[in-house]
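As stored in data.txt (compact mmCIF, C-alpha atoms):
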```
# COMPACT_ATOMS: atom_id res chain seq x y z
CA MET A 1 0.00 0.00 0.00
CA ALA A 2 1.45 3.34 -1.09
CA ARG A 3 1.68 6.10 1.47
CA THR A 4 2.84 9.65 1.01
CA THR A 5 5.89 10.65 2.99
CA GLY A 6 3.82 13.40 4.57
CA SER A 7 1.21 11.14 6.10
CA ASP A 8 3.85 8.61 7.18
CA GLY A 9 5.72 11.43 8.87
CA GLY A 10 2.52 12.60 10.53
CA ARG A 11 1.79 9.12 11.78
CA THR A 12 5.32 8.71 13.10
CA GLU A 13 5.23 12.02 14.88
CA ALA A 14 1.86 11.21 16.45
CA ALA A 15 3.18 7.81 17.54
CA ILE A 16 6.22 9.47 19.13
CA ARG A 17 4.04 11.91 21.07
CA GLU A 18 1.70 9.23 22.27
CA ALA A 19 4.51 6.90 23.37
CA ALA A 20 6.39 9.77 25.02
CA ILE A 21 3.36 10.85 27.04
CA SER A 22 2.73 7.36 28.26
CA LEU A 23 6.38 6.56 29.08
CA ILE A 24 6.97 9.88 30.86
CA ALA A 25 3.73 9.54 32.84
CA ARG A 26 4.83 6.07 33.92
CA TYR A 27 8.55 6.55 34.65
CA GLY A 28 9.13 10.31 34.81
CA TYR A 29 10.92 12.46 32.23
CA GLU A 30 14.45 11.99 33.59
CA ALA A 31 14.20 8.21 33.50
CA VAL A 32 13.01 7.96 29.87
CA SER A 33 15.72 7.97 27.18
CA MET A 34 15.31 8.84 23.51
CA ARG A 35 16.65 5.34 22.76
CA GLN A 36 13.91 3.73 24.87
CA LEU A 37 11.29 5.93 23.24
CA ALA A 38 12.54 5.03 19.73
CA ALA A 39 12.34 1.33 20.62
CA GLU A 40 8.79 1.80 21.89
CA VAL A 41 7.71 3.50 18.66
CA GLY A 42 9.70 1.06 16.52
CA VAL A 43 11.96 3.60 14.79
CA GLN A 44 15.67 4.40 14.91
CA ALA A 45 16.75 7.00 17.47
CA ALA A 46 17.95 9.12 14.52
CA ALA A 47 14.37 9.33 13.24
CA LEU A 48 13.27 10.68 16.61
CA TYR A 49 15.81 13.48 16.47
CA ARG A 50 14.45 14.53 13.09
CA TYR A 51 11.16 15.44 14.77
CA PHE A 52 12.54 16.52 18.13
CA PRO A 53 16.18 17.69 18.12
CA THR A 54 16.47 17.22 21.90
CA LYS A 55 14.57 15.36 24.58
CA GLU A 56 13.56 18.68 26.10
CA ASP A 57 12.14 19.88 22.76
CA LEU A 58 9.90 16.86 22.92
CA LEU A 59 8.80 17.53 26.51
CA PHE A 60 8.25 21.20 25.80
CA THR A 61 6.18 20.39 22.70
CA LEU A 62 4.00 17.99 24.68
CA MET A 63 3.43 20.52 27.45
CA ARG A 64 2.85 23.44 25.08
CA GLU A 65 0.35 21.47 23.00
CA HIS A 66 -1.45 20.36 26.14
CA MET A 67 -1.93 23.96 27.28
CA GLU A 68 -2.79 25.24 23.79
CA GLY A 69 -5.31 22.43 23.45
CA LEU A 70 -6.85 23.41 26.77
CA LEU A 71 -7.09 27.07 25.79
CA ALA A 72 -8.62 26.10 22.42
CA ALA A 73 -11.13 23.79 24.09
CA TRP A 74 -12.14 26.58 26.46
CA ASP A 75 -12.43 29.00 23.55
CA ALA A 76 -14.89 26.63 21.91
CA ALA A 77 -16.80 25.93 25.15
CA ARG A 78 -17.07 29.46 26.54
CA LEU A 79 -20.52 31.00 26.56
CA ALA A 80 -21.60 34.36 25.16
CA THR A 81 -23.70 34.99 28.26
CA ALA A 82 -22.69 37.54 30.88
CA ASP A 83 -23.99 35.36 33.76
CA PRO A 84 -20.92 34.46 35.85
CA ARG A 85 -22.60 31.31 37.17
CA ALA A 86 -23.27 29.97 33.68
CA ARG A 87 -19.71 30.88 32.65
CA LEU A 88 -18.28 29.16 35.71
CA ALA A 89 -20.35 26.06 34.94
CA ALA A 90 -19.03 26.02 31.36
CA PHE A 91 -15.47 26.41 32.65
CA VAL A 92 -15.73 23.54 35.13
CA ARG A 93 -17.41 21.20 32.66
CA ASN A 94 -14.88 21.93 29.92
CA HIS A 95 -11.96 21.58 32.31
CA ILE A 96 -13.07 18.20 33.64
CA ARG A 97 -13.97 16.80 30.23
CA PHE A 98 -10.64 17.93 28.71
CA HIS A 99 -8.52 16.48 31.49
CA VAL A 100 -10.36 13.19 31.94
CA GLU A 101 -9.73 12.52 28.23
CA ARG A 102 -6.01 13.32 28.63
CA ARG A 103 -4.99 11.78 31.94
CA HIS A 104 -1.41 10.95 31.05
CA SER A 105 -0.81 14.23 29.31
CA THR A 106 -2.23 16.12 32.32
CA HIS A 107 -0.01 14.12 34.61
CA VAL A 108 3.07 14.98 32.54
CA SER A 109 2.08 18.66 32.33
CA ASN A 110 1.63 18.93 36.08
CA MET A 111 4.67 16.88 37.08
CA GLU A 112 7.39 17.87 34.68
CA LEU A 113 7.50 21.64 35.03
CA ARG A 114 10.59 20.76 37.11
CA SER A 115 12.29 19.37 33.99
CA LEU A 116 11.94 22.44 31.74
CA SER A 117 14.72 24.93 31.14
CA ARG A 118 14.00 28.45 32.32
CA ASP A 119 12.86 29.83 28.92
CA ASN A 120 10.57 26.93 28.18
CA LEU A 121 9.20 27.04 31.72
CA THR A 122 8.41 30.73 31.29
CA GLN A 123 6.45 30.01 28.12
CA ILE A 124 4.42 27.22 29.73
CA LEU A 125 3.71 29.28 32.83
CA ARG A 126 2.55 32.12 30.59
CA LEU A 127 -0.01 29.79 28.95
CA ARG A 128 -1.14 28.55 32.36
CA THR A 129 -1.52 32.08 33.60
CA SER A 130 -3.64 33.07 30.64
CA TYR A 131 -5.91 30.08 31.29
CA GLU A 132 -6.20 30.85 35.01
CA LYS A 133 -6.93 34.47 34.12
CA GLU A 134 -10.11 33.31 32.39
CA LEU A 135 -11.31 31.74 35.62
CA ARG A 136 -10.21 34.73 37.71
CA GLN A 137 -12.23 37.02 35.44
CA ILE A 138 -15.35 34.91 35.88
CA LEU A 139 -14.87 34.88 39.66
CA ARG A 140 -14.24 38.64 39.76
CA ASP A 141 -17.31 39.37 37.62
CA GLY A 142 -19.40 37.11 39.86
CA ALA A 143 -18.14 38.78 43.02
CA GLU A 144 -18.85 42.23 41.57
CA ALA A 145 -22.32 41.18 40.47
CA GLY A 146 -22.95 39.89 43.99
CA VAL A 147 -23.61 36.30 42.90
CA PHE A 148 -20.32 34.90 44.27
CA VAL A 149 -18.82 35.28 47.75
CA ILE A 150 -15.03 35.25 47.35
CA ASP A 151 -12.34 36.18 49.87
CA ASP A 152 -9.39 36.00 47.48
CA VAL A 153 -9.91 35.65 43.72
CA GLY A 154 -6.40 34.28 43.07
CA LEU A 155 -6.50 31.62 45.78
CA THR A 156 -10.04 30.64 44.84
CA ALA A 157 -9.07 30.17 41.18
CA ILE A 158 -6.12 27.96 42.15
CA ALA A 159 -8.21 25.99 44.63
CA ILE A 160 -10.93 25.32 42.06
CA ILE A 161 -8.46 24.29 39.36
CA GLN A 162 -6.65 21.91 41.71
CA MET A 163 -9.89 20.44 43.00
CA ILE A 164 -11.33 19.78 39.54
CA THR A 165 -8.04 18.62 37.99
CA GLY A 166 -7.78 16.12 40.85
CA VAL A 167 -10.57 14.16 39.20
CA ILE A 168 -8.01 12.48 36.93
CA VAL A 169 -6.18 10.92 39.88
CA TRP A 170 -9.00 8.59 40.80
CA PHE A 171 -11.68 8.75 38.12
CA ARG A 172 -11.99 6.12 35.40
CA PRO A 173 -14.97 6.68 33.06
CA ASP A 174 -15.92 3.01 33.06
CA GLU A 175 -16.61 2.91 36.80
CA ARG A 176 -19.83 3.67 38.65
CA LEU A 177 -20.00 7.27 37.42
CA SER A 178 -19.97 8.85 33.97
CA VAL A 179 -17.82 11.89 33.15
CA GLU A 180 -21.00 13.98 33.13
CA GLU A 181 -22.09 12.81 36.58
CA VAL A 182 -18.68 13.51 38.06
CA ALA A 183 -18.58 16.92 36.38
CA GLU A 184 -22.01 17.78 37.83
CA THR A 185 -20.98 16.77 41.36
CA TYR A 186 -17.80 18.84 41.12
CA LEU A 187 -19.78 21.69 39.63
CA SER A 188 -22.17 21.80 42.53
CA MET A 189 -19.20 21.76 44.95
CA THR A 190 -17.61 24.60 42.96
CA MET A 191 -20.85 26.58 43.05
CA ARG A 192 -21.10 26.22 46.81
CA LEU A 193 -17.41 27.02 47.24
CA THR A 194 -17.96 30.31 45.41
CA GLY A 195 -21.06 30.97 47.50
CA ALA A 196 -23.33 30.71 44.46
CA GLU A 197 -26.64 29.03 44.12
CA MET A 198 -26.69 26.91 40.98
CA PRO A 199 -29.17 28.82 38.80
CA ARG A 200 -32.01 26.77 37.33
CA GLU A 201 -31.18 27.96 33.78
CA VAL A 202 -27.66 26.53 34.07
CA GLN A 203 -28.96 23.15 35.13
CA HIS A 204 -31.51 23.33 32.32
CA VAL A 205 -28.96 24.19 29.65
CA HIS A 206 -26.91 21.21 30.70
CA ALA A 207 -29.76 18.73 30.83
CA HIS A 208 -30.43 19.45 27.17
CA ALA A 209 -26.80 19.73 26.05
CA MET B 1 34.97 13.94 69.18
CA ALA B 2 33.66 10.51 70.14
CA ARG B 3 30.28 9.48 68.81
CA THR B 4 28.36 6.34 69.57
CA THR B 5 27.72 4.06 66.61
CA GLY B 6 24.01 4.36 67.34
CA SER B 7 23.80 8.10 66.95
CA ASP B 8 26.06 8.06 63.90
CA GLY B 9 23.81 5.45 62.39
CA GLY B 10 20.77 7.55 63.21
CA ARG B 11 22.31 10.60 61.61
CA THR B 12 23.29 8.66 58.49
CA GLU B 13 19.85 7.18 58.14
CA ALA B 14 18.22 10.60 58.54
CA ALA B 15 20.63 12.06 55.96
CA ILE B 16 19.73 9.27 53.53
CA ARG B 17 16.02 9.92 53.93
CA GLU B 18 16.38 13.63 53.50
CA ALA B 19 18.59 13.32 50.41
CA ALA B 20 16.32 10.67 48.92
CA ILE B 21 13.20 12.81 49.34
CA SER B 22 14.83 15.77 47.72
CA LEU B 23 16.41 13.82 44.83
CA ILE B 24 13.23 11.86 44.07
CA ALA B 25 11.11 15.02 44.22
CA ARG B 26 13.48 16.66 41.76
CA TYR B 27 14.19 13.86 39.28
CA GLY B 28 11.61 11.16 39.93
CA TYR B 29 12.16 7.77 41.57
CA GLU B 30 13.14 5.87 38.42
CA ALA B 31 15.87 8.36 37.53
CA VAL B 32 17.57 8.33 40.95
CA SER B 33 20.13 5.56 41.54
CA MET B 34 21.37 4.26 44.89
CA ARG B 35 24.88 5.20 43.71
CA GLN B 36 23.81 8.82 43.12
CA LEU B 37 22.07 8.92 46.48
CA ALA B 38 25.16 7.54 48.27
CA ALA B 39 27.30 10.22 46.60
CA GLU B 40 24.84 12.91 47.71
CA VAL B 41 24.96 11.70 51.32
CA GLY B 42 28.72 11.15 51.17
CA VAL B 43 28.72 7.43 52.02
CA GLN B 44 29.55 4.25 50.12
CA ALA B 45 26.66 2.59 48.29
CA ALA B 46 27.20 -0.44 50.54
CA ALA B 47 26.33 1.69 53.58
CA LEU B 48 23.03 2.63 51.95
CA TYR B 49 22.08 -1.01 51.43
CA ARG B 50 22.66 -1.63 55.15
CA TYR B 51 19.75 0.71 55.93
CA PHE B 52 17.64 0.02 52.86
CA PRO B 53 18.22 -3.38 51.19
CA THR B 54 16.59 -2.21 47.94
CA LYS B 55 15.71 1.11 46.37
CA GLU B 56 12.05 0.24 46.69
CA ASP B 57 12.46 -0.43 50.42
CA LEU B 58 13.69 3.12 50.68
CA LEU B 59 10.78 4.55 48.69
CA PHE B 60 8.27 2.48 50.61
CA THR B 61 9.75 3.61 53.94
CA LEU B 62 9.54 7.25 52.91
CA MET B 63 5.94 6.92 51.81
CA ARG B 64 4.88 4.86 54.81
CA GLU B 65 6.46 7.29 57.25
CA HIS B 66 4.83 10.21 55.47
CA MET B 67 1.38 8.68 55.90
CA GLU B 68 2.03 7.49 59.46
CA GLY B 69 3.26 10.99 60.31
CA LEU B 70 0.11 12.48 58.86
CA LEU B 71 -2.12 10.11 60.82
CA ALA B 72 -0.17 10.85 64.02
CA ALA B 73 -0.40 14.60 63.44
CA TRP B 74 -4.15 14.31 62.95
CA ASP B 75 -4.42 12.18 66.08
CA ALA B 76 -2.76 14.97 68.04
CA ALA B 77 -4.79 17.74 66.38
CA ARG B 78 -8.25 16.17 66.44
CA LEU B 79 -10.76 17.75 68.79
CA ALA B 80 -12.86 16.05 71.43
CA THR B 81 -15.88 18.12 70.38
CA ALA B 82 -18.79 16.57 68.51
CA ASP B 83 -19.32 19.69 66.35
CA PRO B 84 -18.59 18.61 62.75
CA ARG B 85 -17.68 22.16 61.75
CA ALA B 86 -15.02 22.47 64.44
CA ARG B 87 -13.71 19.00 63.54
CA LEU B 88 -13.59 19.90 59.86
CA ALA B 89 -11.72 23.10 60.72
CA ALA B 90 -9.18 21.13 62.76
CA PHE B 91 -8.77 18.65 59.90
CA VAL B 92 -8.14 21.32 57.26
CA ARG B 93 -5.72 23.29 59.45
CA ASN B 94 -3.75 20.19 60.41
CA HIS B 95 -3.64 18.95 56.82
CA ILE B 96 -2.35 22.23 55.41
CA ARG B 97 0.22 22.76 58.16
CA PHE B 98 1.54 19.19 57.85
CA HIS B 99 1.91 19.32 54.07
CA VAL B 100 3.34 22.82 53.80
CA GLU B 101 6.13 21.70 56.14
CA ARG B 102 6.79 18.61 53.99
CA ARG B 103 6.48 19.78 50.41
CA HIS B 104 9.02 17.39 48.88
CA SER B 105 7.81 14.44 50.86
CA THR B 106 4.21 15.19 49.85
CA HIS B 107 5.28 15.45 46.25
CA VAL B 108 7.02 12.06 46.41
CA SER B 109 4.06 10.48 48.19
CA ASN B 110 1.61 11.71 45.59
CA MET B 111 3.75 11.03 42.54
CA GLU B 112 5.44 7.74 43.19
CA LEU B 113 2.54 5.44 43.95
CA ARG B 114 3.24 4.33 40.36
CA SER B 115 6.67 3.02 41.44
CA LEU B 116 5.53 0.75 44.29
CA SER B 117 5.13 -2.99 43.94
CA ARG B 118 1.63 -4.30 44.46
CA ASP B 119 2.05 -5.30 48.13
CA ASN B 120 3.67 -2.05 49.13
CA LEU B 121 1.08 -0.09 47.17
CA THR B 122 -1.69 -1.90 49.01
CA GLN B 123 -0.19 -0.93 52.37
CA ILE B 124 0.17 2.73 51.42
CA LEU B 125 -3.34 2.87 49.99
CA ARG B 126 -4.66 1.33 53.21
CA LEU B 127 -3.06 4.16 55.23
CA ARG B 128 -4.47 6.75 52.84
CA THR B 129 -7.90 5.20 53.10
CA SER B 130 -7.84 5.31 56.88
CA TYR B 131 -6.90 8.99 56.75
CA GLU B 132 -9.64 9.81 54.22
CA LYS B 133 -12.07 7.86 56.37
CA GLU B 134 -11.54 10.40 59.14
CA LEU B 135 -12.67 13.18 56.83
CA ARG B 136 -15.56 11.15 55.45
CA GLN B 137 -16.79 10.55 59.00
CA ILE B 138 -16.74 14.27 59.78
CA LEU B 139 -18.62 15.02 56.55
CA ARG B 140 -21.16 12.29 57.22
CA ASP B 141 -21.74 13.46 60.81
CA GLY B 142 -22.15 17.04 59.56
CA ALA B 143 -24.61 16.00 56.88
CA GLU B 144 -26.62 13.97 59.39
CA ALA B 145 -26.62 16.85 61.88
CA GLY B 146 -27.89 19.12 59.09
CA VAL B 147 -24.91 21.51 59.27
CA PHE B 148 -23.35 20.35 55.98
CA VAL B 149 -24.94 20.01 52.55
CA ILE B 150 -23.21 17.15 50.75
CA ASP B 151 -24.21 15.32 47.58
CA ASP B 152 -21.59 12.59 47.75
CA VAL B 153 -19.44 12.08 50.87
CA GLY B 154 -16.69 10.17 49.04
CA LEU B 155 -16.28 12.67 46.20
CA THR B 156 -16.45 15.60 48.61
CA ALA B 157 -13.69 14.11 50.78
CA ILE B 158 -11.44 13.59 47.75
CA ALA B 159 -12.21 17.06 46.40
CA ILE B 160 -11.37 18.72 49.73
CA ILE B 161 -8.14 16.75 50.16
CA GLN B 162 -6.98 17.57 46.63
CA MET B 163 -7.89 21.22 47.00
CA ILE B 164 -6.07 21.68 50.30
CA THR B 165 -3.06 19.52 49.36
CA GLY B 166 -2.70 21.70 46.26
CA VAL B 167 -1.46 24.48 48.52
CA ILE B 168 2.04 22.98 48.39
CA VAL B 169 2.27 23.45 44.62
CA TRP B 170 2.35 27.24 44.78
CA PHE B 171 2.67 28.32 48.40
CA ARG B 172 5.98 29.38 49.93
CA PRO B 173 5.69 30.52 53.58
CA ASP B 174 7.98 33.51 53.02
CA GLU B 175 5.71 35.16 50.46
CA ARG B 176 2.85 37.57 51.04
CA LEU B 177 0.82 35.11 53.12
CA SER B 178 1.59 33.11 56.26
CA VAL B 179 0.67 29.44 56.59
CA GLU B 180 -2.11 30.47 58.98
CA GLU B 181 -3.60 33.00 56.55
CA VAL B 182 -3.58 30.49 53.70
CA ALA B 183 -5.10 27.84 55.95
CA GLU B 184 -7.90 30.25 56.97
CA THR B 185 -8.70 31.13 53.34
CA TYR B 186 -8.81 27.47 52.38
CA LEU B 187 -10.86 26.72 55.46
CA SER B 188 -13.50 29.25 54.55
CA MET B 189 -13.63 27.80 51.01
CA THR B 190 -13.99 24.31 52.51
CA MET B 191 -16.77 25.47 54.80
CA ARG B 192 -18.68 27.00 51.90
CA LEU B 193 -18.04 23.90 49.77
CA THR B 194 -19.67 21.76 52.45
CA GLY B 195 -22.54 24.23 52.72
CA ALA B 196 -21.56 25.17 56.29
CA GLU B 197 -21.44 28.55 57.87
CA MET B 198 -18.17 28.97 59.75
CA PRO B 199 -19.35 28.98 63.39
CA ARG B 200 -18.18 31.92 65.50
CA GLU B 201 -16.75 29.55 68.16
CA VAL B 202 -14.46 27.92 65.59
CA GLN B 203 -13.10 31.27 64.46
CA HIS B 204 -12.69 32.23 68.10
CA VAL B 205 -10.85 29.07 69.09
CA HIS B 206 -8.42 29.68 66.28
CA ALA B 207 -7.81 33.34 66.99
CA HIS B 208 -6.56 32.37 70.43
CA ALA B 209 -4.72 29.21 69.42
```
Output the structure of this file as structure tokens.
Amino acid sequence: MARTTGSDGGRTEAAIREAAISLIARYGYEAVSMRQLAAEVGVQAAALYRYFPTKEDLLFTLMREHMEGLLAAWDAARLATADPRARLAAFVRNHIRFHVERRHSTHVSNMELRSLSRDNLTQILRLRTSYEKELRQILRDGAEAGVFVIDDVGLTAIAIIQMITGVIVWFRPDERLSVEEVAETYLSMTMRLTGAEMPREVQHVHAHA
Amino acid sequence: MARTTGSDGGRTEAAIREAAISLIARYGYEAVSMRQLAAEVGVQAAALYRYFPTKEDLLFTLMREHMEGLLAAWDAARLATADPRARLAAFVRNHIRFHVERRHSTHVSNMELRSLSRDNLTQILRLRTSYEKELRQILRDGAEAGVFVIDDVGLTAIAIIQMITGVIVWFRPDERLSVEEVAETYLSMTMRLTGAEMPREVQHVHAHA
């Protein structure tokens, strides 16, 4: 079967990313060698270096794409409404859905900040900050509108993100709960945490989504 | 200066633990060798094996002691009162204080479950479960007494633990906030999350603690 070089290359690159995410999540970045990764993918180490000149390029690419993917997913999920409660609900649902589908990648992104050089770390932290800023804005708008009770917008944003990201540590979609059920439970905890009553419209929108 | 073998041994063992926690937190368990650890402590690798016959023995000891320390700290901090809100407050304050003082150890304990053999993993998970059970009992008592609003006791316990453990990711005690201030902010978020009003007595007890 004839394949174009382009699509072969695309497949190889995708296979490298996938194998890298799973090996790094399992053993940690420092313990995984390019040689081991090449063997896992079934290519020569030289082929690997064609796509990723250094091991850190590979890690940085994985972490950057994770954050860009998250920002893109949020861009698609965000609502036009001004209601901070509906916006918070959209944020929590999108965040949980995105991360549950990318457990290993989330794990790598959270664990391996320690392994980035200063410049790459700065770039990743900038992406994280711009994502957190979205949540901070929702919380600030809600506090100003009097629908949220918030002592410290920054700490509350971090607390919510850590609470809802934590889902990936224990949750497997094939167990007693679906992703949607877990997201709804975490959403109602988030709503209480921010001192908000879950508005009926928000529940309604979701039930028909 | 004469030293007894016993105290020398104690010092060496403590130095091994400390170096191991910091190396594993930085590079990950798989990437750290016993040889590297011995060099860091300034002893021969053979000396290391006298205290810890295998690398996994060392990891398991670190993780077991972390959890036993946490359970002991909670045992000392728990209140005799029946008030679920005061008990929850004591739990959150103890948890944050314990983990902020042991950032690297917490990091290792959360990250390296993946590196334990099945039997050791089972033992660590049993300790974690008995700790989480303490929180679940407080939540259940509060829900039954009508002071907490909780949809799912198990999920709420996990959510609270992940939220308050997350403090160690960003918090450094020498920055704009003290451990106590951070603990109070997280406590008021926890109280709202569980649908509880922070009782005046609990605030009062703390102000004079």
*Near A:Arg35, counting all atoms listed in the file, which residues have an atom at most 12 Å away, once you skip same-chain residues fewer than 6 positions from it, shown as a VMD selection string?*
chain A and resid 16 20 41 to 49 54 to 55
Please report, as CSV, each residue of chain A lying at most 7 Å from chain B, together with the nearest pair of atoms and the separation in Å rounded to one decimal; use all atoms listed in the file, and order rows by chain and ascending residue number.
```
residue,atom,partner,partner_atom,distance
A:Arg26,CA,B:Arg114,CA,6.9
A:Tyr27,CA,B:Glu30,CA,6.0
A:Gly28,CA,B:Gly28,CA,5.8
A:Glu30,CA,B:Ala31,CA,5.5
A:Ala31,CA,B:Ala31,CA,4.4
A:Arg114,CA,B:Arg26,CA,6.8
A:Ala159,CA,B:Met163,CA,5.3
A:Gln162,CA,B:Met163,CA,5.5
A:Met163,CA,B:Met163,CA,4.5
A:Gly166,CA,B:Gln162,CA,6.0
A:Met189,CA,B:Leu193,CA,5.4
A:Thr190,CA,B:Leu193,CA,6.9
A:Arg192,CA,B:Leu193,CA,4.8
A:Leu193,CA,B:Leu193,CA,4.1
A:Gly195,CA,B:Arg192,CA,6.4
```
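Nearest to A:Arg172 of all the residues A:Leu88, A:Val100, A:Leu79, A:Ile24 is A:Val100, counting only C-alpha atoms.
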*Which of these, A:Arg97, A:Pro84, A:Glu65, A:Glu13, has the shortest distance to A:Arg136 once you count only C-alpha atoms?*
A:Pro84
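One distance worth recording is that between atom CA of B:Leu62 and atom CA of B:Arg78, which is 24.1 Å.
Between atom CA of B:Val92 and atom CA of B:Leu187 lies a distance of 6.3 Å.
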*asked:* Please list, as a PyMOL selection string, the residues that have an atom at most 10 Å away from (-17.6, 14.2, 59.2) in the coordinates of this file, counting only C-alpha atoms.
replied: chain B and resi 82-85+87-88+91+133-145+148+153+157
*So how many Å separate atom CA of B:Ala73 and atom CA of B:Arg102, to one decimal?*
12.5 Å
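Nearest to B:His66 of all the residues B:Arg11, B:Arg118, B:Arg128, B:Arg176 is B:Arg128, counting all atoms listed in the file.
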_I want to know what sits within 12 Å of B:Ala76, based on all atoms listed in the file, with residues of the same chain fewer than 5 positions away left out; could you give that as a list in words?_
Gly69, Leu70, Leu71, Ala90, Phe91, Asn94, His95 and Phe98 of chain B
Write the residues of the selection above to a file with C-alpha atoms, as an mmCIF file, keeping the file's coordinate frame.
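Saved file part.cif follows:
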```cif
data_model
loop_
_atom_site.group_PDB
_atom_site.id
_atom_site.type_symbol
_atom_site.label_atom_id
_atom_site.label_comp_id
_atom_site.auth_asym_id
_atom_site.auth_seq_id
_atom_site.Cartn_x
_atom_site.Cartn_y
_atom_site.Cartn_z
ATOM 1 C CA GLY B 69 3.260 10.990 60.310
ATOM 2 C CA LEU B 70 0.110 12.480 58.860
ATOM 3 C CA LEU B 71 -2.120 10.110 60.820
ATOM 4 C CA ALA B 90 -9.180 21.130 62.760
ATOM 5 C CA PHE B 91 -8.770 18.650 59.900
ATOM 6 C CA ASN B 94 -3.750 20.190 60.410
ATOM 7 C CA HIS B 95 -3.640 18.950 56.820
ATOM 8 C CA PHE B 98 1.540 19.190 57.850
#
```
Please give the centre and size of the box around stretch 68-80 of chain A (axis-aligned, containing every atom listed in the file, 6 Å added per side), with values in Å to one decimal and written as lines of an AutoDock Vina configuration file.
```
center_x = -12.2
center_y = 28.4
center_z = 24.3
size_x = 30.8
size_y = 23.9
size_z = 16.9
```
